[in-house]
Structure formats: structure tokens, C-alpha cells
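Chemist: Sharing a structure, written as C-alpha cells. Questions coming.
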Amino acid sequence: MAHRLNRLTRRQFTVMALGTATAALLSEACGPAAQPAPTPSGAGAPAPTAPPKAAAPTVPPPAAAAPTAAKVAVTATAPAVTKPSGGSLVYARNMDTKTLDPHFSTQLSERYALYLIYNTLVAYDNDFNIGPDLAASWDIGDGGKSITFHLQPGVKFHDGTDCDAAAVKWNLERILDPSVKSPLLGQLQPPLEKVDVVDKTTVKLQTSIPWRPLLAGLGERPGFIVSPTAAQKSGQDFGRTPVGSGPFKFVEWVPDSHITVERFADYWDKGKPRLDRIDIRHVPDTQVQLGMIRTGEAHLIDSVAASALLTLQGAQGVTTEELKSGRFWGTQSHSDIPPFDNVDLRKAVAYVTDREAVRRVAFQETGRLATHPLGGGWAFNAQLDSEGYTLDLDKAKEALARSGYAGQPLTFTNSNDRLTQNIAQILQTTYTKAGLNVSLESVPAADSFTRVKEGKTNWTTTNWAPRADPDGLLRILWHSTGFQNTTKFSDPEVDRLLDQAAGLFDNKQAAAIYTEVERKVVQEASYAFMIWPSEFAARRTNVQGFVYYPDLILRLRDLSLA
Amino acid sequence: MASAVGVPVVAAPLGAQRTIVSTSRPRILAYPQLLIGGVAFALLFVGAALGPLVVRYGPTDADFSAALSGPSASHVFGTDQLGRDSLSRALSGARLSLLVAAGTVILSVGGGVPLGLLSGLRRGWVESLVMRVIDGVMAFPGLILAMAIAFVLGPSLPTVIVALGVVRLAPFARVVRSQALSLGACDYVESARAVGASSARIALAHVLPNILSTILVQASLTAGAAIFAEASLSFLGAGVPPPTPTWGGMLHDAYPYLEINPWQTFVPGACIFLAVLSCNFIGEGIRDVLDPRERTRRGARGS
Amino acid sequence: MAAYIVARLVQLFALLVIISLLTFVLMRGLLGDPVLMILGPDASVDQATVQRLRHDLLLDEPLHIQYMEWLRRAAVGDFGRSLRSPITVHDALLSRLPVTLELSIEALAVALVLAIPIGIQAALRPGSRLDVALSGLSVTTLSLPNFLLGILLIFVFAIRLRWLPSAGYVSLVSDPEQHLRFMVLPVLTLAAAYTGNFARFARSLMMDVLAQDYVRTARAKGLPGSVVLRRHAARNALIPLVTLVGVELAGLFGGAVVTETVFSLPGVGLLLTDSILGKDLPTVQAIVLFLTVAVVLTSFVVDLVYGVLDPRVRVAHG
């Protein structure tokens, strides 16, 4: 009897099991059927607040029959078309794009798209030297107080309107207009006072004092020229439906998914761009990015960590690119409050900063050792590399003894992301050797910068990317009125030198002054500089025209696919 | 973290002697789970207590030139990305895991047992409310709750223990309550009430001794769950922060290097697994010993 | 019965308010001002912009006003904007929900499909090698943290053998084949812990049922085994199983969180982790709300199903 039950049992339960499985699969198929695709493309203006929906697990698809958005990251696209020019390029990165209106742009990732859709007045080369873009040439006059731009003739915006001197004037005045509340206002004013149209392709800027950084600024956000017609028509929504004069026209932007642009047939620079389409995909996870570049789903990724390079080594069809960037990593401490108001203590720390170990272990032996802030650009002075504080345990101990803080407990704060954790632990090892009693305090990554700005963190790691003009970085960190001067560095001589250098249009003269400023900053020792790391990008081997720019923003528009 | 299934009650008359487990040696072999678990846990304890004293390297001694290496003569378990000895870190991590486990058990017993007894033996809206809150807490994924608590309070050893203690308190209270409920309906408790004994006396003198076995089992399982949870928290980035070596933290550090230095991952992984396994074996083993019905079921033929 | 439903709904509502208030107070009160964090160090803005952003986010209002405003908007489905990315929380949730649902349901299905037959076979042969192996296996899978299992699987199948991808996601509807490739490892990882538990449970349920008088009676009456099973045993075994699944659902989400982290699946779990660690309060609040609703609704449904399947319960409730 038991035997018979067993046999029936087996069959019966196979049926039960299959039934359960089927039921599960059925419910799956019916469940997450809704593929909501909130698209902001031209047609319907997207509501900033979604239409009222009950908090139920399954939601009916939105009324607007918008095409299904590509899911986050991984949908297989056909690889590049094999034409000498043309083709569709996919670039994957972690995007935190909030707007495509350059005059309201605050996030770095937005600029990848901005450089595709718009032109800037001027452009940079690999040393941050200023070159032409929308402005074919310019003259400095009035003792440095006026810049006259001669624009490229016959430039059109994507909507067909003219990109001329009047458009440029409109753009700059838009930023200057206090009622517009552009976050870029502070970059133009002071000292920009007036913008005048001289003729259709000539526009003159008047400043209250000679100010070289203004010219450099016009190569990034304040220099992006938008279509006045389109901006006025779209109003608040312009950031979602951008119109510029750049080599690529805006197609669509699905937040948290992708931005798509396609070639602008009437681009003023004939023969460019080479690509037909570019797809910037939002892929927050580096593992997924690496997977995509391996399979060819993405043609290009950047911000590749040094530790990830190893995993790309054997990958077919993938080439890695290294940029010796000018971004500096260092440690910073307050110089106005104890214990680091004590200059000997700061010197001790500077003498015991083991930058070689940091480079070797935290950055996998990539990058260049740094002893001063400017790592590149036309003001870079290699001579400073051999000056400054180098690792010297004896001098560190001496300085520590003089300071009176030997053995006193000190707290080093660091963000809890992997890289900074590693750096902090490496530094601590050497600090201990010199007799510094350092304990590490970990703070959540989301918090760490905020705490520094609020003055809650005394001593921590820091890193800053270079700006196009050396004044950009040096001023915000080391001018006594600098917006990011969180160490309260204050030296009236430095203030004077910075102001003086900013008024010089002769790069060589200005560079000499910046070298002076760097010396003083290094001496003061509230910053201990460690490394200018290399930045890495990975591209499919058939991607051509890749040039790494020192502001670390890839110029996708110059690329082509073989 | 799976919740423990309820343990059947072993009712005993008032005053009866409790024989927890027979101490004659051969009998222990009938409970292989308990034996294995006990031995493993003892090894873990000894390792945690004495290990850090006898190892060659300290857990935070960094030898940068030996970074990311596998097992070798000088580093038996290999090193991590900063050249720190994995064996030493694993042993120090054991200390921390045991501390977290102990703290969590203490908190959850100290809070869960009284709450469970209270709501199981007394009737009232307070007790009912307490149970509703406990149900609410249990309805929430424990890991998320622990992560939120630990993160908001600022991750550190005490806050992780508090977070885990709070989360594990709920199932403890629930189990104790259901036991107390059934026991509370027993004759001898009814008669004790009739005689006028206060609830507290009933709880302490009558109910508590009988649910001791339940508490023991739950405590072991909670210890395992605490080690498990601490590892998860550290892996996600919300646990005890570096440079304190924790098994979960070691895993967190090791993950990017999985391809080139797999041993860095395996060492803490194996430690976590073995520790949790031994706690679970002990808990299951105690349950086997103390519940004859389970034992019968295990050995008997189907009828 | 109707009164019971109403009572439960009221309870649900109260629970929602309490939990959302708690979340709000904890995160906003203890975690402070997110503005600088939102802007980040690469943002070049001035103090005026900071002030304006603060005003737009209502951060200059007192706490209780902020909470009331959130509550008011949440009631109509507006959960605000994520602090870390430009989309609305609502959209973020919707785009990620399918991933988590697919993962959870597939894992649950795999666990049940594997567990039920194994458990039943073990019940039919108590004390056998299969039974003992099952017992040992289930404790083992319970003790192995799922992220460890996930890492192990990645190491073997993605890194050493290169058969499967180690991270990423393709949706079921867009490309089923790729979907399977990407989901095999995560689903196995998540299902493992539950398979052991379910199998043991199925086993003990089955044994209970087989020992029942009415089964013996039915068989004595000469009813074929399949009828016995279907009409009597299965239904009674099903009830506690349903309850167990309902109880484990919360844990399933916790397991999904870790699994999504390990395999980089863009689901709600990963979003929650990132939002907690990234202090993205609007997202956290919305997810917590959804979670509470889902869990309470599930237990409510389970109770109802219980009532349907087991007449005794229905009578008790009246």
C-alpha cells in the first residue's frame, strides 16, 4: 500500500510542482507589464509632478503613447556601422544630469552633452590654451578692458535661426540678468559690464578691469551659446528641449536612462561631425560599464578606476587610454583653529605624507607624484616638482617636537568610499612612524564634502579638478574670499598676486606670478599635496579620434567609428 | 534572515526537576549537529581570544610591497590590498563578530523576554499595542531596518549592536509570547492565579523556567543571525567602519579584487559561513535534545 | 467580516503614518541639510544659489511643516524629486520595480519548485539519507549569507568559467534569452536560503498531514492516493505554506537588496540602499511607504486566504 501511494505521490507532486511553477510564471508575466516611459521629448511637456496614482504595486502605463524608454543601461544595440564616417556611438557613464540649459548647469556630467549640442565662444587645447570655436578670432583692447570677438559667419542654430552677434549678446545678457538667477552670474560679473553688437559677426565685451579668466570662462558654461528664439519660446522647459548650434541636434532625454543626439546636417564646420548619432547612457555602476565595453554594447566609458584596468587587459577589442590629469589629491587641514593653526604641526604632517605609497597602493602605480596644486595647463611649472615637502621622517619628528603635539591624539576624517579609505589607511601607517597619534574617522561619502564646507571636519583628504584658467582653482581655494576656501587660508600677498595675475593677458607673465602663488601655498602647509592621478578611459578599438582633454570632459563630437 | 519556526512546548508540572541534557558521554554523539557546532564554536572562540596574541602581524600592519598576494610562507592566508595579513585580520574580525553576537543576544534577550512575557501573560491594551509594534517591526525587512538605524546613528560598534539588537528583539519577543500564551492557559498557572499569585511571580517562577530551552535555542540562532547581519551591513557599507577589521568589511574591501586576489574574499567568507553555521548547528542541536517529539519524528518510519 | 477588514485597513493607515513620520524624523532630524550634498564639490555655485535651492526644497521651513507637506503630496502620488538625480521619485520607483519583482518572483518560484518535491520526498522517507541530507543542506544554505553565495557563484561562473555575466540586467520582456543569462545567478543566490527552509517546512507539514487520522481513514476507505492527496492533504498543507511564504516575504525583500547590490541589478532594493547611504530622504520615504503597504497588504491577503482555505478560521472570526 505504501508503495502504491509512493508512486502516485510522485506523479501527483510533479503536477503540483509544475502547477506552482506555472502559476508563478503567469503571475510574473502579468505583473510588471507596465513599462512606464516618462519622456520629455518635444510633444507633451512633462509634468514635474506625476499625475495622481494610487500607491499600488502595478501601475497602468501613462496616457501619453510615448515610445518605451530603453531600460536602464543594458539593451543590446547593433554595433557600429562599418562606414568610414557615420555610425552610432554609445557612451556609458553615471549621469546626474539635471538640465541641458548650460546657463543653469551645475553638474559636470551635463557638459558631455552640452559640448555636443552647443558651441562655445572659444575652445581649449591640451594645455588649456584658448583657441577658436564660435569665435574665429578676437582682439583685446582698451588696456585689456575690452574683448572683441569675430564670429564665424553663416552659423545657424538647429532651429534655423542665425547664430550671430545679436544671439551672443542675448546669451551673455541672459546670464547677467539677475531675474534669470543663473548660477553662472558670479563667473561673469564682476567684471563684465556691457556687451555690444558691432556688426552681424562682431561682438564687443566691456569689462571694468582687465580680466583674463573671463576669456577662459567663455570656453565652458558661460560661453555656450543657445538659440534665443528657442529659449524664449520654451521658457522653463528649455533645459529639456535644448537648441544650439553645435554639431549634434538634440533628439531626446529620458532621465535616468539616456540622452540621444543626432548629426546636425547644417553644421557650420563642414565635414564635421563624423558620427551620425550619439547615445549617452546612464549606467551608474562601474561593473556594468565594464561589462558593456567588453561586449561592445558601449563604445566608450571613462572614469575607469585603476584597479579595474586589470580586468580589461585581456578583453578583445578594447583599448584603454590614460590621461595624466591635472586633478590633485592631497590632504587639507584648517589653519585657523587648533590644532592645525600650529604651523609646525602642519609641517610635520607635510613631511610625513608618503605620497609614493599612496601612488603605489591606492592608485596602482599610476599617476604622477604631486608637490604643488597645478598639475597641468600653461601655468604648470615643472621646477616646482622638486621643491616643497618631500617624505622625511627626521624633519617630521623635529617639526612635531617643536609643535608640542607629539603623542597628542589627532583625528583624520575621511569619506568611506573605497579609494579614500585606502588612502587614509596608507597615510595613517606613515603618520604613526613619525610619532603622530592619529585615529581615523570615517564619514559617509554623501556627507563628507558637506561637512568640510560646514567646517565640521578639520583634517581630511581633498581633491580638485583643474579649471581652464589657473585663476579658477587657485582663487576659489586660496584667495581669502575664495568660495571653496575651507581651510581659511589667508595671505594678503597671495590675494594681491592673484588679482594682479588675473589682469594679465600675457600667459608667460601670468604664469610666473602663479608659480609664486603656488610656492606660498605649498609653504603654508595647510594642504599637503600627494598625487596627480591618471584618469582612464576605455574605448572599443574601432573608436577613432580620441583625444583626452585636461578638463576631463570627453569631446565626443570629434570621434568617429571605423 | 529566516525567522525561527515555533518550538513545541514541553509542559512540565510545577516543581518537576528539569533534566536539560544527559551528560553521559556517548549520548552526545546522538546529536551530531550539537557536537559539530559546539566544537566549531569553541575553536572560533579560542581563535578569537588567543589568535591576535600569537599572530606574526597585527591586523592593521600594512606592508605595501606585499599587497594583493595569495597564501605564502610569510602570509598564510594572503594579504589584502594594503598588504595587511589576512589571517591576523580574520582573527581580529572574529573578536568583533563575537562581540556583536554577544551584544545582540544580550539586548534581544534582555528586551525580548520581558516584552514577550508581558504581552503573553497579561491582557490589556498596552500589551496589545506592544505586540502590534513588534509585528510592525517584524514586518519590515530586518536588514534594511538595521542599516537605517546604524546609518542614522552613525556606524560604529555600539550602534551596530543596538541596531541588530532592536531588530532581533522582535522575533524573540514573539516566540516568548507564544510560549507564554500556551503556558498561561495551563492548569497549574490557572491555579496559581486563583491562589492570588501576581503576574510577575507567575512569570518568573512558573513560566520562565519552562521556556528556558526556547530561549536557549533562540539565543543561539540569534547569535548566528547577528554575525550574518553584521557581515551584510559591513558589506553594504553601513557597518563598523575601518580600520577596525570586520569580516564583512574585509569582504567589502576584497570585492573589487575578486578576479586578481580571490583569497582575500574567501578567507572572511569562509569565516562568516563557519561561524554562522556553528551557531545554527548549536541552536538546532539544543532543540533536538530538548524536544522529544522532533527526535521521534526524525527517527520513526512513516505510518 | 466587514468590520474585520475595516479594522485592518485602519491599522494599516495608522502604521503608514507612524512609519513615515519615524522615517522622516530620523533622517531629516539626524542627517541634516542635503543641499550641499546635492550640489556636490564639482558644482561651481554661489551662496545665492544655495539659498535658493534650500528654499525650493522647503528646507527653511520648520520640520513639522515639511512633514505635513510631504504627507499632503504623497497622498496624491507625488513623492517629490530624488536628491541625487533629476527624476521624480515616482518615476525612479516605477522604472526599478519590475527588476525587483522579477527577481523576487523568480527566486520564490525556483525555491518552491525545488523545495516542495524535495520536502515531500523527504517526508515520505523519514530518517533516510535523503532526509538527513536535506536537513544538513537546509541549515547550510541558511548559514551561508546570500551575498557570499552570490560572490562565490560570480567567481565560478562569471570569472573563472566565463559562462555568465557577473553584473547587469536585461528585462524579461525586451530580451528573454539575455534576461535569463543575467538572472540565473541572482535568482539562484536569492532562492538558495529559502529553498532549504521551504523544503524543511514542506517536509514537516507533509508528515503531519500523513499522520492525520482522516488521511488514514480516507485510505482505509479505499480512496486512491491521488484523491486523498488532492482533496485532503494538499489543502491542509497549503495553508501553513501560504503563511510561511507571506511571513518570509519581508525577508525576501531584504535578501533582494543584497542580491541586487552584489549583481548590480537596478532594482528597488539597490535604490533603497543607495538612498539610505546617500541620504536621499524623499526616495527613502517613498520606498519605506511602499514597502510597508506591500508587507501589510500581503499579510492581510494571507489572512484572507487562510480564512478561505480553513473554515475553522472563518468561524473563529465570525
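Here, A, B, ... name the chains of the C-alpha cells in the order displayed, residue numbers run from 1 inside each chain, and ligands are numbered from 1 in the same displayed order.
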So that each row is one residue of chain B with an atom at most 10 Å from chain A, can you give its shortest atom pair and the distance in Å to one decimal, using only C-alpha atoms, rows by chain and rising number, as JSON lines?

Modeler:
```
{"residue": "B:Thr60", "atom": "CA", "partner": "A:Thr429", "partner_atom": "CA", "distance": 8.5}
{"residue": "B:Asp61", "atom": "CA", "partner": "A:Thr429", "partner_atom": "CA", "distance": 7.7}
{"residue": "B:Ala62", "atom": "CA", "partner": "A:Thr429", "partner_atom": "CA", "distance": 7.0}
{"residue": "B:Asp63", "atom": "CA", "partner": "A:Thr429", "partner_atom": "CA", "distance": 9.5}
{"residue": "B:Phe64", "atom": "CA", "partner": "A:Val361", "partner_atom": "CA", "distance": 6.5}
{"residue": "B:Ser65", "atom": "CA", "partner": "A:Val361", "partner_atom": "CA", "distance": 8.5}
{"residue": "B:Ala67", "atom": "CA", "partner": "A:Val361", "partner_atom": "CA", "distance": 7.5}
{"residue": "B:Leu68", "atom": "CA", "partner": "A:Val361", "partner_atom": "CA", "distance": 9.6}
{"residue": "B:Gln81", "atom": "CA", "partner": "A:Val361", "partner_atom": "CA", "distance": 7.2}
{"residue": "B:Leu82", "atom": "CA", "partner": "A:Val361", "partner_atom": "CA", "distance": 6.5}
{"residue": "B:Gly83", "atom": "CA", "partner": "A:Val361", "partner_atom": "CA", "distance": 8.8}
{"residue": "B:Phe151", "atom": "CA", "partner": "A:Pro444", "partner_atom": "CA", "distance": 8.6}
{"residue": "B:Gly154", "atom": "CA", "partner": "A:Val443", "partner_atom": "CA", "distance": 8.3}
{"residue": "B:Pro155", "atom": "CA", "partner": "A:Val443", "partner_atom": "CA", "distance": 8.7}
{"residue": "B:Ser156", "atom": "CA", "partner": "A:Ser442", "partner_atom": "CA", "distance": 9.6}
{"residue": "B:Gly237", "atom": "CA", "partner": "A:Asn416", "partner_atom": "CA", "distance": 7.9}
{"residue": "B:Ala238", "atom": "CA", "partner": "A:Pro444", "partner_atom": "CA", "distance": 8.6}
{"residue": "B:Val240", "atom": "CA", "partner": "A:Ser442", "partner_atom": "CA", "distance": 9.6}
{"residue": "B:Pro241", "atom": "CA", "partner": "A:Ser442", "partner_atom": "CA", "distance": 6.3}
{"residue": "B:Pro242", "atom": "CA", "partner": "A:Ser442", "partner_atom": "CA", "distance": 7.2}
{"residue": "B:Pro243", "atom": "CA", "partner": "A:Gln425", "partner_atom": "CA", "distance": 7.2}
{"residue": "B:Thr244", "atom": "CA", "partner": "A:Leu440", "partner_atom": "CA", "distance": 9.9}
{"residue": "B:His252", "atom": "CA", "partner": "A:Arg418", "partner_atom": "CA", "distance": 8.7}
{"residue": "B:Asp253", "atom": "CA", "partner": "A:Arg418", "partner_atom": "CA", "distance": 7.1}
{"residue": "B:Pro256", "atom": "CA", "partner": "A:Ser307", "partner_atom": "CA", "distance": 7.6}
{"residue": "B:Tyr257", "atom": "CA", "partner": "A:Ser307", "partner_atom": "CA", "distance": 7.7}
{"residue": "B:Glu259", "atom": "CA", "partner": "A:Thr311", "partner_atom": "CA", "distance": 7.5}
{"residue": "B:Ile260", "atom": "CA", "partner": "A:Leu310", "partner_atom": "CA", "distance": 8.1}
{"residue": "B:Gly302", "atom": "CA", "partner": "A:Ala2", "partner_atom": "CA", "distance": 9.3}
{"residue": "B:Ser303", "atom": "CA", "partner": "A:Ala2", "partner_atom": "CA", "distance": 8.8}
```

Chemist: Which residues of chain B have any atom within 9 Å of an atom in chain C when counting only C-alpha atoms, and what is the closest pair of atoms for each, with the distance in Å to one decimal? Order the rows by chain and rising number and write it as CSV.

Modeler:
```
residue,atom,partner,partner_atom,distance
B:Met1,CA,C:Gly251,CA,6.2
B:Ala2,CA,C:Gly251,CA,6.7
B:Ser3,CA,C:Glu248,CA,7.8
B:Val5,CA,C:Phe201,CA,8.9
B:Gln33,CA,C:Gly136,CA,8.7
B:Val133,CA,C:Leu15,CA,8.9
B:Gly136,CA,C:Leu15,CA,7.6
B:Met138,CA,C:Ala250,CA,8.2
B:Ala139,CA,C:Ala250,CA,6.0
B:Phe140,CA,C:Ala250,CA,5.9
B:Pro141,CA,C:Ala250,CA,4.8
B:Gly142,CA,C:Gly254,CA,6.9
B:Leu143,CA,C:Gly254,CA,5.8
B:Ile144,CA,C:Gly254,CA,6.4
B:Met147,CA,C:Ile276,CA,8.2
B:Ala148,CA,C:Ile276,CA,6.7
B:Ile149,CA,C:Leu26,CA,8.6
B:Phe151,CA,C:Leu277,CA,7.3
B:Val152,CA,C:Leu30,CA,6.6
B:Leu153,CA,C:Leu30,CA,7.7
B:Gly224,CA,C:Ser143,CA,7.7
B:Ala225,CA,C:Ser143,CA,8.4
B:Phe228,CA,C:Pro145,CA,6.3
B:Ala229,CA,C:Pro145,CA,8.5
B:Ala231,CA,C:Pro145,CA,8.4
B:Ser232,CA,C:Phe147,CA,7.6
B:Phe235,CA,C:Phe147,CA,8.6
B:Leu236,CA,C:Val258,CA,7.7
B:Gly237,CA,C:Leu277,CA,7.9
B:Ala238,CA,C:Leu277,CA,7.5
B:Leu251,CA,C:Leu148,CA,8.8
B:Tyr255,CA,C:Ile151,CA,8.2
B:Leu258,CA,C:Phe155,CA,7.3
B:Glu259,CA,C:Ile159,CA,6.6
B:Pro262,CA,C:Phe155,CA,8.2
B:Thr265,CA,C:Ile151,CA,8.6
B:Phe266,CA,C:Leu152,CA,8.6
B:Gly269,CA,C:Leu148,CA,6.3
B:Ala270,CA,C:Leu148,CA,8.9
B:Ile272,CA,C:Leu144,CA,7.8
B:Phe273,CA,C:Leu144,CA,5.2
B:Leu274,CA,C:Ser143,CA,8.0
B:Ala275,CA,C:Ser143,CA,8.5
B:Val276,CA,C:Ser143,CA,5.3
B:Leu277,CA,C:Ser143,CA,5.0
B:Ser278,CA,C:Ser143,CA,8.6
B:Cys279,CA,C:Ser143,CA,8.7
B:Asn280,CA,C:Val139,CA,7.0
B:Phe281,CA,C:Val139,CA,7.5
B:Glu284,CA,C:Val139,CA,8.8
B:Arg297,CA,C:Pro126,CA,7.5
B:Arg298,CA,C:Gly127,CA,5.6
B:Gly299,CA,C:Gly127,CA,5.3
B:Ala300,CA,C:Pro126,CA,6.8
B:Arg301,CA,C:Pro126,CA,6.0
B:Gly302,CA,C:Leu124,CA,6.4
B:Ser303,CA,C:Ala211,CA,6.6
```

Chemist: Report as a list in words: the residues of stretch 164-233 of chain A with a DSSP assignment of alpha helix (DSSP H), based on the backbone of this structure.

Modeler: Ala165, Ala166, Ala167, Val168, Lys169, Trp170, Asn171, Leu172, Glu173, Arg174, Ile175, Leu176, Leu185, Gly186, Gln187, Leu188, Arg212, Pro213, Leu214, Leu215, Ala216, Gly217, Pro228, Thr229, Ala230, Ala231, Gln232 and Lys233 of chain A

Chemist: Rounded to one decimal place, report the atom CA of B:Pro52-atom CA of B:Ser72 distance in Å.

Modeler: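 For atom CA of B:Pro52 relative to atom CA of B:Ser72, the distance reads 19.1 Å.
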
Chemist: For atom CA of C:Val173 and atom CA of C:Val293, determine how far apart the two atoms are, in Å to one decimal place.

Modeler: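 Going from atom CA of C:Val173 over to atom CA of C:Val293 covers 26.7 Å.
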
Chemist: Between atom CA of B:Cys271 and atom CA of B:Val54, what distance in Å does the model show, to one decimal?

Modeler: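 Rounded to one decimal, the two atoms are 18.4 Å apart.
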
Chemist: Fewer than 6 positions away in the same chain doesn't count, so skip those; otherwise give me all residues within 9 Å of stretch 219-221 of chain A, counting only C-alpha atoms, as a PyMOL selection string.

Modeler: chain A and resi 102-105+111+114-115+119-124+130-131+133+184+468

Chemist: For a quick check of understanding, using only C-alpha atoms, which of A:Val283, A:Ala230, A:Ile140, A:Ala399 has the smallest distance to chain C?

Modeler: A:Val283

Chemist: Quick one: everything within 9 Å of A:Pro242, counting only C-alpha atoms, minus sequence neighbours fewer than 4 positions away in the same chain. Send it as a ChimeraX atom specification.

Modeler: /A:100-101,117-118,226-227,230-231,237-238,249-250

Chemist: Can those selected residues be exported to a file as a CSV table (one decimal), in the first residue's frame so that it contains N, CA and C atoms?

Modeler:
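Result file is again_31.csv:
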```csv
chain,number,residue,atom,x,y,z
A,100,LEU,N,19.7,70.6,-19.5
A,100,LEU,CA,20.6,70.8,-20.6
A,100,LEU,C,20.7,72.2,-21.0
A,101,ASP,N,20.3,73.1,-20.1
A,101,ASP,CA,20.4,74.5,-20.4
A,101,ASP,C,21.7,74.9,-19.7
A,117,ILE,N,25.7,69.6,-28.2
A,117,ILE,CA,24.6,70.4,-28.7
A,117,ILE,C,24.9,71.8,-29.0
A,118,TYR,N,25.9,72.4,-28.2
A,118,TYR,CA,26.2,73.8,-28.4
A,118,TYR,C,27.6,74.0,-28.8
A,226,VAL,N,23.1,79.5,-26.7
A,226,VAL,CA,21.9,78.9,-27.0
A,226,VAL,C,21.1,79.7,-28.0
A,227,SER,N,20.1,79.1,-28.6
A,227,SER,CA,19.2,79.8,-29.5
A,227,SER,C,18.3,80.7,-28.8
A,230,ALA,N,14.5,79.8,-29.5
A,230,ALA,CA,14.1,78.6,-28.8
A,230,ALA,C,13.9,78.8,-27.3
A,231,ALA,N,14.9,79.5,-26.7
A,231,ALA,CA,14.9,79.7,-25.3
A,231,ALA,C,13.7,80.5,-24.9
A,237,ASP,N,11.1,75.2,-19.9
A,237,ASP,CA,11.3,73.8,-20.4
A,237,ASP,C,12.5,73.8,-21.3
A,238,PHE,N,13.2,74.9,-21.5
A,238,PHE,CA,14.3,74.9,-22.5
A,238,PHE,C,15.4,73.9,-22.1
A,249,LYS,N,22.3,67.6,-33.0
A,249,LYS,CA,21.0,68.1,-32.6
A,249,LYS,C,20.4,67.2,-31.5
A,250,PHE,N,19.6,67.9,-30.6
A,250,PHE,CA,19.0,67.1,-29.6
A,250,PHE,C,17.9,66.3,-30.1
```

Chemist: Which of these residues is nearest to chain C, using only C-alpha atoms: A:Thr201, A:Thr457, A:Thr413, A:Ser109?

Modeler: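 Of A:Thr201, A:Thr457, A:Thr413, A:Ser109, the one nearest chain C is A:Ser109, counting only C-alpha atoms.
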
Chemist: Quick one: residues within 12 Å of A:Asp177, only C-alpha atoms counted, chain neighbours fewer than 6 positions away excluded, as a list in words?

Modeler: His103, Lys169, Trp170, Asn171, Pro183, Leu184, Leu185, Gly186, Leu188, Gln189, Leu192, Glu193 and Lys194 of chain A

Chemist: Would you list the contacts of B:Arg168 as JSON, numbers by chain, taking every protein, DNA or RNA residue within 7 Å and counting only C-alpha atoms, but skipping same-chain residues closer than 3 positions in sequence?

Modeler: {"B": [108, 164, 165, 171, 172, 222]}

Chemist: Which is closer to chain A than all the others in C:Arg162, C:His90, C:Arg72, C:Arg8, using only C-alpha atoms?

Modeler: C:His90

Chemist: Which one is closest to A:Arg274: A:Glu262, A:Asp256, A:Thr202, A:Val155? Count only C-alpha atoms.

Modeler: A:Glu262

Chemist: Using only C-alpha atoms, which residue out of B:Ser69, B:Ser119, B:Ser97, B:Thr79 lies closest to B:Ala223?

Modeler: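 The answer is B:Ser97, which sits nearest to B:Ala223.
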
Chemist: From the DSSP assignment of the backbone, select every residue of stretch 113-272 of chain A that is strand (DSSP E), and format the answer as a PyMOL selection string.

Modeler: chain A and resi 122-124+130-132+135-141+146-151+192-199+202-207+248-254+258-263

Chemist: From the set C:Val301, C:Ala75, C:Ile5, C:Val268, which residue has the shortest atom-to-atom contact distance to chain A, counting only C-alpha atoms?

Modeler: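 With only C-alpha atoms as the atom set, the closest residue is C:Ala75.
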
Chemist: What's the 10 Å shell around B:Ala49, counting only C-alpha atoms, without same-chain residues fewer than 3 positions away, as a PDB file with N, CA and C atoms, in the first residue's frame?

Modeler:
```pdb
ATOM      1  N   LEU B  43      36.296  26.391  18.881  1.00  0.00           N
ATOM      2  CA  LEU B  43      37.506  26.749  18.127  1.00  0.00           C
ATOM      3  C   LEU B  43      37.501  28.236  17.775  1.00  0.00           C
ATOM      4  N   LEU B  44      36.342  28.688  17.329  1.00  0.00           N
ATOM      5  CA  LEU B  44      36.209  30.092  16.967  1.00  0.00           C
ATOM      6  C   LEU B  44      36.526  30.984  18.159  1.00  0.00           C
ATOM      7  N   PHE B  45      35.967  30.608  19.299  1.00  0.00           N
ATOM      8  CA  PHE B  45      36.153  31.402  20.500  1.00  0.00           C
ATOM      9  C   PHE B  45      37.626  31.460  20.893  1.00  0.00           C
ATOM     10  N   VAL B  46      38.231  30.286  20.879  1.00  0.00           N
ATOM     11  CA  VAL B  46      39.652  30.225  21.239  1.00  0.00           C
ATOM     12  C   VAL B  46      40.475  31.040  20.254  1.00  0.00           C
ATOM     13  N   PRO B  52      44.814  36.738  18.079  1.00  0.00           N
ATOM     14  CA  PRO B  52      45.501  38.014  17.873  1.00  0.00           C
ATOM     15  C   PRO B  52      46.758  38.166  18.722  1.00  0.00           C
ATOM     16  N   LEU B  53      46.891  37.325  19.745  1.00  0.00           N
ATOM     17  CA  LEU B  53      48.082  37.457  20.583  1.00  0.00           C
ATOM     18  C   LEU B  53      49.273  36.720  19.996  1.00  0.00           C
ATOM     19  N   LEU B  91      41.258  36.871  12.470  1.00  0.00           N
ATOM     20  CA  LEU B  91      41.153  36.591  13.900  1.00  0.00           C
ATOM     21  C   LEU B  91      40.622  37.799  14.657  1.00  0.00           C
ATOM     22  N   SER B  92      41.104  38.975  14.289  1.00  0.00           N
ATOM     23  CA  SER B  92      40.570  40.168  14.948  1.00  0.00           C
ATOM     24  C   SER B  92      39.107  40.363  14.591  1.00  0.00           C
ATOM     25  N   ALA B  94      37.120  38.016  14.097  1.00  0.00           N
ATOM     26  CA  ALA B  94      36.363  37.056  14.890  1.00  0.00           C
ATOM     27  C   ALA B  94      35.980  37.669  16.229  1.00  0.00           C
ATOM     28  N   ARG B  95      36.917  38.367  16.816  1.00  0.00           N
ATOM     29  CA  ARG B  95      36.622  39.028  18.085  1.00  0.00           C
ATOM     30  C   ARG B  95      35.430  39.950  17.943  1.00  0.00           C
ATOM     31  N   LEU B  98      32.168  38.110  17.448  1.00  0.00           N
ATOM     32  CA  LEU B  98      31.669  37.527  18.694  1.00  0.00           C
ATOM     33  C   LEU B  98      31.103  38.600  19.615  1.00  0.00           C
TER      34      LEU B  98
END
```
